[in-house]
Amino acid sequence: MENKENKPKFKPNPSLKLMDQVREVLRYHHYAYRTESTYGQWILRYIRFYGGKTHPKLLGAGDVERFLSHLATEGKVSSSTQRQAFNALVFLYRDVLDRPLDGKITPARSKKHQRPPTVMTKEEVQRLLKIIDGTHGLMAKLLYGCGLRLMECVRLRVQDIDFGQNKIFVRGGKGGKDRTTLLPKNIKEALQAHMKRVINLHHSDLQEGFGKVYLPEALARKYKNAERETRWQYLFPAKKRSIDPRSGQEMRHHILESGLQKAVKCAVEQAGILKRVSCHTFRHSFATHMLENGVNIRVLQTLMGHADVKTTEIYTHVMQRDIENIESPLDRL
């Protein structure tokens with residue numbers, strides 16, 4: 001059996017320009033297209049920070065540390081944004097330039113603030129869901145009814161919905177993890193009708209000589225004809241076909257997440273809700289309302305896909321029943 005430690009490291013084509021080398025290595029290691037775009041942006045920003053003419057191989061750990069410190073002190077970026085930039089530069093030096101930084105970096109750190117999540121009341125959720133209609137309304141109901149993250153909902157495929165068992169399978173969620181969550185019974189009929197329209201749309205694409213959908217490279221190699229199969233199509237497909245940026249083929253991708261974000265924002269304004277509500281607020285509200293309904297926190301941890309129950313416990317601090325029976329001293333004056 002081949003030892004992975006002895007496996008020769010992939011090296012990019014030295015005749016390519018730096019950013020082409022970055023893309024080549026990212027695609028060799030099957031990084032997501034969003035990661036490819038994000039890493040590329042951070043690497044370019046790093047290069048521009050040093051005047052735009054100095055090649056990163058002429059810079060080192062101290063220069064990376066200075067750049068990351070600048071992001072924290074001058075740019076005032078969040079800790080997660082600073083960590084994202086750090087990961088991009090670690091990748092650049094380790095996998096592209098073959099000059100690992102080896103933990104030599106100790107930049108000024110952005111402060112990480114633990115804030116309680118914004119949660120809507122059940123009445124506020126009802127008001128929003130009555131305003132958001134059509135496909136976006138169905139997606140919003142899935143966010144709240146299943147505790148899905150925005151991109152988990154957008155990337156659902158036809159085969160991920162199990163109407164018989166009232167389950168939804170979330171593939172490749174945060175951290176690349178799969179999980180199962182529940183399918184609300186009161187949207188089954190609407191979801192089945194939506195799926196029929198998706199299947200008809202796919203059949204029309206096939207008749208026109210198209211019908212392919214994006215699959216990760218490993219799946220595409222394993223299942224040769226899967227990209228044309230109905231089960232692999234996105235549950236929320238885009239209205240128009242587009243050119244896949246990697247393969248150059250015309251495909252039907254999933255709907256843009258920005259459409260749902262705008263629909264939620266408009267609904268919040270129309271409903272007169274003054275809280276800072278986003279698509280992710282539906283997920284926070286799902287978790288909090290489940291706990292208020294008596295669901296065991298370990299069960300909720302599984303539904304949410306949290307690796308540590310401490311992440312789930314944050315919702316216990318915003319539960320309504322924890323404070324509804326407490327009287328303020330002002331009320332006793």
# chains A, B, ... in the order shown; residues from 1 in each chain; ligands from 1

call {"tool": "closest_atom_pairs", "arguments": {"of": "range 130-154 of chain A", "to": "range 260-264 of chain A", "cutoff": "8 Å", "atoms": "only C-alpha atoms", "output": "tab-separated table"}}
result
residue	atom	partner	partner_atom	distance
A:Ile132	CA	A:Ala263	CA	6.7
A:His136	CA	A:Leu260	CA	5.6
A:Met139	CA	A:Leu260	CA	7.8
A:Ala140	CA	A:Leu260	CA	7.8

call {"tool": "select_by_dssp", "arguments": {"residues": "range 20-201 of chain A", "states": "alpha helix (DSSP H)", "output": "count of residues only"}}
result
94

call {"tool": "residues_around", "arguments": {"residues": "range 293-298 of chain A", "least_positions_apart": "6", "cutoff": "9 Å", "atoms": "only C-alpha atoms", "output": "number ranges by chain"}}
result
A: 309, 312-313

call {"tool": "write_last_selection", "arguments": {"atoms": "N, CA and C atoms", "output": "short mmCIF file (atom, residue, chain, number, x, y, z; two decimals), in the first residue's frame"}}
result
data_model
loop_
_atom_site.label_atom_id
_atom_site.label_comp_id
_atom_site.auth_asym_id
_atom_site.auth_seq_id
_atom_site.Cartn_x
_atom_site.Cartn_y
_atom_site.Cartn_z
N VAL A 309 -21.20 20.50 21.24
CA VAL A 309 -22.49 20.90 21.82
C VAL A 309 -22.41 22.31 22.40
N THR A 312 -24.06 24.70 20.20
CA THR A 312 -25.52 24.65 20.29
C THR A 312 -26.02 25.34 21.55
N GLU A 313 -25.23 25.29 22.60
CA GLU A 313 -25.65 25.84 23.90
C GLU A 313 -25.86 27.34 23.86
#

call {"tool": "closest_residue", "arguments": {"among": "A:Thr135, A:Val170, A:Gln159, A:Thr316", "to": "Lys239 in chain A", "atoms": "only C-alpha atoms"}}
result
A:Thr135

call {"tool": "atom_distance", "arguments": {"atom1": "CA of Arg127 in chain A", "atom2": "CA of Asn166 in chain A"}}
result
25.2 Å

call {"tool": "closest_atom_pairs", "arguments": {"of": "range 214-322 of chain A", "to": "range 205-209 of chain A", "cutoff": "12 Å", "atoms": "only C-alpha atoms", "output": "Markdown table"}}
result
| residue | atom | partner | partner_atom | distance |
| --- | --- | --- | --- | --- |
| A:Glu227 | CA | A:Leu206 | CA | 11.3 |
| A:Arg228 | CA | A:Leu206 | CA | 7.9 |
| A:Glu229 | CA | A:Leu206 | CA | 9.7 |
| A:Thr230 | CA | A:Leu206 | CA | 10.0 |
| A:Gln233 | CA | A:Asp205 | CA | 11.3 |
| A:Pro237 | CA | A:Asp205 | CA | 11.8 |
| A:Lys239 | CA | A:Asp205 | CA | 11.6 |
| A:Lys240 | CA | A:Asp205 | CA | 10.4 |
| A:Arg241 | CA | A:Asp205 | CA | 9.0 |
| A:Gln249 | CA | A:Gly209 | CA | 11.9 |
| A:Glu250 | CA | A:Gly209 | CA | 10.2 |
| A:Met251 | CA | A:Asp205 | CA | 9.2 |
| A:Arg252 | CA | A:Asp205 | CA | 8.7 |

call {"tool": "write_last_selection", "arguments": {"atoms": "C-alpha atoms", "output": "PDB file, in the first residue's frame"}}
result
ATOM      1  CA  GLU A 227     -24.210  15.041 -14.632  1.00  0.00           C
ATOM      2  CA  ARG A 228     -27.212  14.491 -16.940  1.00  0.00           C
ATOM      3  CA  GLU A 229     -29.333  12.507 -14.485  1.00  0.00           C
ATOM      4  CA  THR A 230     -32.404  14.123 -12.936  1.00  0.00           C
ATOM      5  CA  GLN A 233     -29.968  18.405 -10.713  1.00  0.00           C
ATOM      6  CA  PRO A 237     -31.972  25.826 -10.580  1.00  0.00           C
ATOM      7  CA  LYS A 239     -33.630  30.502 -14.775  1.00  0.00           C
ATOM      8  CA  LYS A 240     -31.003  30.499 -17.516  1.00  0.00           C
ATOM      9  CA  ARG A 241     -28.141  28.204 -18.407  1.00  0.00           C
ATOM     10  CA  GLN A 249     -19.489  23.921 -20.873  1.00  0.00           C
ATOM     11  CA  GLU A 250     -23.011  25.334 -20.869  1.00  0.00           C
ATOM     12  CA  MET A 251     -24.852  24.070 -17.805  1.00  0.00           C
ATOM     13  CA  ARG A 252     -27.723  25.001 -15.531  1.00  0.00           C
TER      14      ARG A 252
END

call {"tool": "closest_residue", "arguments": {"among": "A:Gln41, A:Thr106, A:Ser15, A:Ser242", "to": "Leu89 in chain A", "atoms": "only C-alpha atoms"}}
result
A:Gln41

call {"tool": "decode", "arguments": {"residues": "range 162-206 of chain A", "atoms": "C-alpha atoms", "output": "PDB file, in the first residue's frame"}}
result
ATOM      1  CA  ASP A 162     -36.825  12.127   0.970  1.00  0.00           C
ATOM      2  CA  PHE A 163     -40.586  12.652   1.000  1.00  0.00           C
ATOM      3  CA  GLY A 164     -41.236   9.129   2.302  1.00  0.00           C
ATOM      4  CA  GLN A 165     -39.213   9.585   5.493  1.00  0.00           C
ATOM      5  CA  ASN A 166     -39.711  13.350   5.807  1.00  0.00           C
ATOM      6  CA  LYS A 167     -35.969  13.933   5.714  1.00  0.00           C
ATOM      7  CA  ILE A 168     -33.544  16.250   3.957  1.00  0.00           C
ATOM      8  CA  PHE A 169     -29.962  15.175   3.364  1.00  0.00           C
ATOM      9  CA  VAL A 170     -27.435  18.000   3.586  1.00  0.00           C
ATOM     10  CA  ARG A 171     -24.333  17.107   1.564  1.00  0.00           C
ATOM     11  CA  GLY A 172     -21.029  18.853   2.112  1.00  0.00           C
ATOM     12  CA  GLY A 173     -22.226  21.353   4.697  1.00  0.00           C
ATOM     13  CA  LYS A 174     -19.900  23.556   6.709  1.00  0.00           C
ATOM     14  CA  GLY A 175     -16.595  21.765   7.166  1.00  0.00           C
ATOM     15  CA  GLY A 176     -17.484  19.366   4.351  1.00  0.00           C
ATOM     16  CA  LYS A 177     -19.773  17.376   6.672  1.00  0.00           C
ATOM     17  CA  ASP A 178     -22.973  15.559   5.704  1.00  0.00           C
ATOM     18  CA  ARG A 179     -26.022  15.410   7.956  1.00  0.00           C
ATOM     19  CA  THR A 180     -29.729  14.672   7.983  1.00  0.00           C
ATOM     20  CA  THR A 181     -32.426  17.104   9.075  1.00  0.00           C
ATOM     21  CA  LEU A 182     -36.197  17.005   9.123  1.00  0.00           C
ATOM     22  CA  LEU A 183     -38.552  17.942   6.287  1.00  0.00           C
ATOM     23  CA  PRO A 184     -41.539  20.030   7.494  1.00  0.00           C
ATOM     24  CA  LYS A 185     -44.743  18.242   6.596  1.00  0.00           C
ATOM     25  CA  ASN A 186     -46.705  21.402   5.800  1.00  0.00           C
ATOM     26  CA  ILE A 187     -44.479  22.273   2.830  1.00  0.00           C
ATOM     27  CA  LYS A 188     -44.308  18.783   1.318  1.00  0.00           C
ATOM     28  CA  GLU A 189     -47.052  19.461  -1.202  1.00  0.00           C
ATOM     29  CA  ALA A 190     -45.538  22.757  -2.344  1.00  0.00           C
ATOM     30  CA  LEU A 191     -42.074  21.176  -2.539  1.00  0.00           C
ATOM     31  CA  GLN A 192     -43.380  18.248  -4.601  1.00  0.00           C
ATOM     32  CA  ALA A 193     -45.045  20.644  -7.046  1.00  0.00           C
ATOM     33  CA  HIS A 194     -41.814  22.658  -7.274  1.00  0.00           C
ATOM     34  CA  MET A 195     -39.798  19.502  -7.922  1.00  0.00           C
ATOM     35  CA  LYS A 196     -42.089  18.534 -10.814  1.00  0.00           C
ATOM     36  CA  ARG A 197     -41.358  21.900 -12.448  1.00  0.00           C
ATOM     37  CA  VAL A 198     -37.624  21.333 -11.949  1.00  0.00           C
ATOM     38  CA  ILE A 199     -37.838  17.885 -13.546  1.00  0.00           C
ATOM     39  CA  ASN A 200     -39.776  19.275 -16.535  1.00  0.00           C
ATOM     40  CA  LEU A 201     -37.176  22.023 -16.941  1.00  0.00           C
ATOM     41  CA  HIS A 202     -34.404  19.428 -16.937  1.00  0.00           C
ATOM     42  CA  HIS A 203     -36.186  17.335 -19.558  1.00  0.00           C
ATOM     43  CA  SER A 204     -36.479  20.439 -21.743  1.00  0.00           C
ATOM     44  CA  ASP A 205     -32.728  21.027 -21.379  1.00  0.00           C
ATOM     45  CA  LEU A 206     -32.029  17.437 -22.408  1.00  0.00           C
TER      46      LEU A 206
END
